[in-house]
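Asker: Dropping a structure here in structure tokens format, bear with me for questions.
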Amino acid sequence: MRNAQAAGDTRHGRTGKDGALYTDDGVLIATVETFTSNVTFNNAKYSVLGDAQEHETANTFSVSLTMSQVVVEDDVFFEEIMKALEDQTMPSWNFQGSLLGVNGSEERVTYYGCVPSGQIDIQNIAVGDVVKRNWNFFVNRPPKLTSLLTVDR
């Protein structure tokens, strides 16, 4: 084999069952089915005299967090968002995303200042489907990498 690292060590492959989302104080949000975080980079374009090629330089970035929650019980986030709609004072949360490695190592990222952004489901009901609530957050502070997965070779 020309590239011996291409196949990797499949024992270290992770699936959704190895991930978790926690509140800032370490409480597992047990009803979250999926969560995704993304960073979007917005560069500034410029061109210089004597160069036909356009260039970019780093400008701004934004981080978003999205989760899908199975509606099986009353939960604090839904109660807080409904109260916020009534009071017109929007909440801000911190979250911790975790991925457990096969050797006990853990990738953990903390997301600070998460505020509701875009559409959030109040009720999303369909016949024959599990009732879920989709959440979208804008992360107002840079996420922090708290720990990283390691691989034993």
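By convention here, the chains of the structure tokens are called A, B, ... in the order presented, each chain's residues are numbered starting at 1, and ligands are numbered starting at 1 in the order presented.
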Using DSSP assignments from the backbone, pull out every residue in stretch 36-123 of chain A that falls under strand (DSSP E) and give it to me as number ranges by chain.
Answerer: A: 36-46, 55-70, 93-100, 106-116
Asker: Would you tabulate, counting only C-alpha atoms, all residues of stretch 25-127 of chain A that have an atom at most 9 Å from an atom of stretch 142-150 of chain A, showing the closest pair of atoms and their distance in Å to one decimal, sorted by chain then ascending number, as CSV?
Answerer:
```
residue,atom,partner,partner_atom,distance
A:Ser62,CA,A:Pro142,CA,8.5
A:Val63,CA,A:Pro142,CA,7.5
A:Leu99,CA,A:Leu149,CA,7.9
A:Leu100,CA,A:Leu149,CA,7.5
A:Gly101,CA,A:Leu149,CA,6.1
A:Asn103,CA,A:Thr150,CA,7.8
A:Gly104,CA,A:Leu149,CA,8.6
A:Ser105,CA,A:Leu149,CA,5.2
A:Glu106,CA,A:Leu149,CA,5.0
A:Glu107,CA,A:Leu148,CA,4.1
A:Arg108,CA,A:Ser147,CA,5.1
A:Val109,CA,A:Leu145,CA,4.6
A:Thr110,CA,A:Lys144,CA,5.2
A:Tyr111,CA,A:Pro143,CA,4.7
A:Tyr112,CA,A:Pro143,CA,6.5
```
Asker: Name the residues in contact with stretch 73-89 of chain A at a cut-off of 12 Å, using only C-alpha atoms, excluding same-chain residues fewer than 5 positions from it; report them as a count of residues only.
Answerer: 22
Asker: Which is closest to A:Trp93 among A:Asn136, A:Asp24, A:Thr66, A:Ala126, if we use only C-alpha atoms?
Answerer: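 Answer, going by the shortest atom-to-atom distance: A:Asp24.
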